[in-house]
Amino acid sequence: MSQILPFLPLLLNGLLITIALTAVGMVVTVVVAFTAGLCRMSRRRWLRWPAGVFIEVFRGTSMLVQLFWLFFALPFFGVQLVPFAAAVLALGLNEGAYGAEIVRGAIGALPRGQREGAIALSLTPYQRMRFVILPQAIPAMIPPFGNVFVDLLKNTSLVSLVTVADLTFRAQMVRATTGATAAVFGTILVLYFVVAYVLSLGSNWLERRMDPARPELRETLLRRMLRSGRVAGS
């Protein structure tokens, strides 16, 4: 272990890159998931079919191949991405495809009466989605999205293959220099676990905060529904 102590700042710098990849990848994942998930539920074929193709392709192919394609193949089509951008895009698109099914499943699981009640209040489709459907569906999405984010964190280790100097990339450098394979990979194993555990704690906290059974949250949702109903009926 003493062999890698001088290289600990190098590993911590790599950890910061990994955290940055995870944070930006989470944002891209959420945007992609909601866009693709809602489009797949659309009645318009020109939205539903492309969303379905995107989801099946990115769920059905290896993220490593997607990463290589974005970084090594796109330049042949005149698009050159820097390693960090290619890594974030691959992570966000791949995990976003899984997240899209979470969005679709959570919305589809809502009781039919919720939509019928919103229609009875003369709410527009946008108002129904914003004030009735999403506030009830999002709490159900949080636990599976927490798993998606932890999986995203673990998949950041693949980006070292396109020269992104993340934690795994730096660990390989330290291992090549010191030869302390067990100590190096044992250290980054602990670091990955700590970050994943923090993500799990954050997901659990958000799940409690967004619990629709909380009285104050239920009252807030009810007020929004009534207010939007009055606006739609005026």
# chains A, B, ... in the order shown; residues from 1 in each chain; ligands from 1

$ residues_around --residues "Leu81 in chain A" --least-positions-apart "6" --cutoff "12 Å" --atoms "only C-alpha atoms" --output "PDB file with N, CA and C atoms, in the first residue's frame"
ATOM      1  N   LEU A  67     -19.477   3.534 -27.611  1.00  0.00           N
ATOM      2  CA  LEU A  67     -18.426   4.489 -27.267  1.00  0.00           C
ATOM      3  C   LEU A  67     -17.368   4.546 -28.363  1.00  0.00           C
ATOM      4  N   PHE A  68     -16.931   3.389 -28.827  1.00  0.00           N
ATOM      5  CA  PHE A  68     -15.939   3.348 -29.905  1.00  0.00           C
ATOM      6  C   PHE A  68     -16.495   3.965 -31.184  1.00  0.00           C
ATOM      7  N   TRP A  69     -17.784   3.709 -31.456  1.00  0.00           N
ATOM      8  CA  TRP A  69     -18.385   4.251 -32.668  1.00  0.00           C
ATOM      9  C   TRP A  69     -18.414   5.778 -32.618  1.00  0.00           C
ATOM     10  N   LEU A  70     -18.802   6.325 -31.477  1.00  0.00           N
ATOM     11  CA  LEU A  70     -18.868   7.784 -31.350  1.00  0.00           C
ATOM     12  C   LEU A  70     -17.492   8.428 -31.438  1.00  0.00           C
ATOM     13  N   PHE A  71     -16.483   7.737 -30.904  1.00  0.00           N
ATOM     14  CA  PHE A  71     -15.152   8.348 -30.846  1.00  0.00           C
ATOM     15  C   PHE A  71     -14.317   8.058 -32.089  1.00  0.00           C
ATOM     16  N   PHE A  72     -14.398   6.828 -32.608  1.00  0.00           N
ATOM     17  CA  PHE A  72     -13.529   6.443 -33.714  1.00  0.00           C
ATOM     18  C   PHE A  72     -14.225   6.464 -35.073  1.00  0.00           C
ATOM     19  N   ALA A  73     -15.540   6.213 -35.125  1.00  0.00           N
ATOM     20  CA  ALA A  73     -16.237   6.119 -36.411  1.00  0.00           C
ATOM     21  C   ALA A  73     -16.808   7.449 -36.882  1.00  0.00           C
ATOM     22  N   LEU A  74     -17.309   8.272 -35.963  1.00  0.00           N
ATOM     23  CA  LEU A  74     -17.908   9.541 -36.372  1.00  0.00           C
ATOM     24  C   LEU A  74     -16.959  10.443 -37.158  1.00  0.00           C
ATOM     25  N   PRO A  75     -15.650  10.458 -36.865  1.00  0.00           N
ATOM     26  CA  PRO A  75     -14.752  11.311 -37.670  1.00  0.00           C
ATOM     27  C   PRO A  75     -14.788  10.994 -39.159  1.00  0.00           C
ATOM     28  N   ALA A  87     -17.507  10.378 -24.383  1.00  0.00           N
ATOM     29  CA  ALA A  87     -17.806   9.542 -23.216  1.00  0.00           C
ATOM     30  C   ALA A  87     -19.159   9.905 -22.614  1.00  0.00           C
ATOM     31  N   VAL A  88     -19.411  11.191 -22.425  1.00  0.00           N
ATOM     32  CA  VAL A  88     -20.682  11.632 -21.839  1.00  0.00           C
ATOM     33  C   VAL A  88     -21.847  11.262 -22.746  1.00  0.00           C
ATOM     34  N   LEU A  89     -21.667  11.434 -24.046  1.00  0.00           N
ATOM     35  CA  LEU A  89     -22.744  11.121 -24.989  1.00  0.00           C
ATOM     36  C   LEU A  89     -23.060   9.625 -24.980  1.00  0.00           C
ATOM     37  N   ALA A  90     -22.027   8.792 -24.970  1.00  0.00           N
ATOM     38  CA  ALA A  90     -22.253   7.344 -24.936  1.00  0.00           C
ATOM     39  C   ALA A  90     -22.948   6.931 -23.646  1.00  0.00           C
ATOM     40  N   VAL A 162     -10.922   5.302 -24.375  1.00  0.00           N
ATOM     41  CA  VAL A 162     -10.838   6.368 -25.387  1.00  0.00           C
ATOM     42  C   VAL A 162     -10.046   7.549 -24.832  1.00  0.00           C
TER      43      VAL A 162
END

$ residues_around --residues "Thr18 in chain A" --least-positions-apart "3" --cutoff "9 Å" --atoms "only C-alpha atoms" --output "list in words"
Asn13, Gly14, Leu15, Leu21, Thr22, Ala23, Leu153, Thr156, Ser157, Ala165, Asp166, Leu167 and Thr168 of chain A

$ write_last_selection --atoms "C-alpha atoms" --output "PDB file, in the first residue's frame"
ATOM      1  CA  ASN A  13      -7.708  13.736  -9.720  1.00  0.00           C
ATOM      2  CA  GLY A  14      -8.966  10.787 -11.718  1.00  0.00           C
ATOM      3  CA  LEU A  15     -11.822  10.415  -9.232  1.00  0.00           C
ATOM      4  CA  LEU A  21     -18.526  12.245 -16.043  1.00  0.00           C
ATOM      5  CA  THR A  22     -21.186  10.803 -13.759  1.00  0.00           C
ATOM      6  CA  ALA A  23     -22.784  14.173 -13.004  1.00  0.00           C
ATOM      7  CA  LEU A 153     -21.015   5.409 -12.521  1.00  0.00           C
ATOM      8  CA  THR A 156     -17.509   5.313 -16.590  1.00  0.00           C
ATOM      9  CA  SER A 157     -14.607   2.886 -16.192  1.00  0.00           C
ATOM     10  CA  ALA A 165      -8.112  10.300 -17.784  1.00  0.00           C
ATOM     11  CA  ASP A 166     -10.684   9.032 -15.305  1.00  0.00           C
ATOM     12  CA  LEU A 167     -10.078   6.971 -12.169  1.00  0.00           C
ATOM     13  CA  THR A 168      -9.535   3.692 -14.049  1.00  0.00           C
TER      14      THR A 168
END

$ closest_residue --among "A:Ile142, A:Val164, A:Val184, A:Val132" --to "Asn204 in chain A" --atoms "only C-alpha atoms"
A:Ile142

$ residues_around --residues "Gly108 in chain A" --least-positions-apart "6" --cutoff "10 Å" --atoms "only C-alpha atoms" --output "ChimeraX atom specification"
/A:41,102,133,137

$ atom_distance --atom1 "CA of Gly92 in chain A" --atom2 "CA of Tyr126 in chain A"
25.7 Å

$ closest_residue --among "A:Leu10, A:Leu5, A:Ala85, A:Gly99" --to "Ala171 in chain A" --atoms "only C-alpha atoms"
A:Leu10

$ select_by_dssp --residues "range 89-152 of chain A" --states "alpha helix (DSSP H)" --output "PyMOL selection string"
chain A and resi 89-108+112-120+125-127+134-152
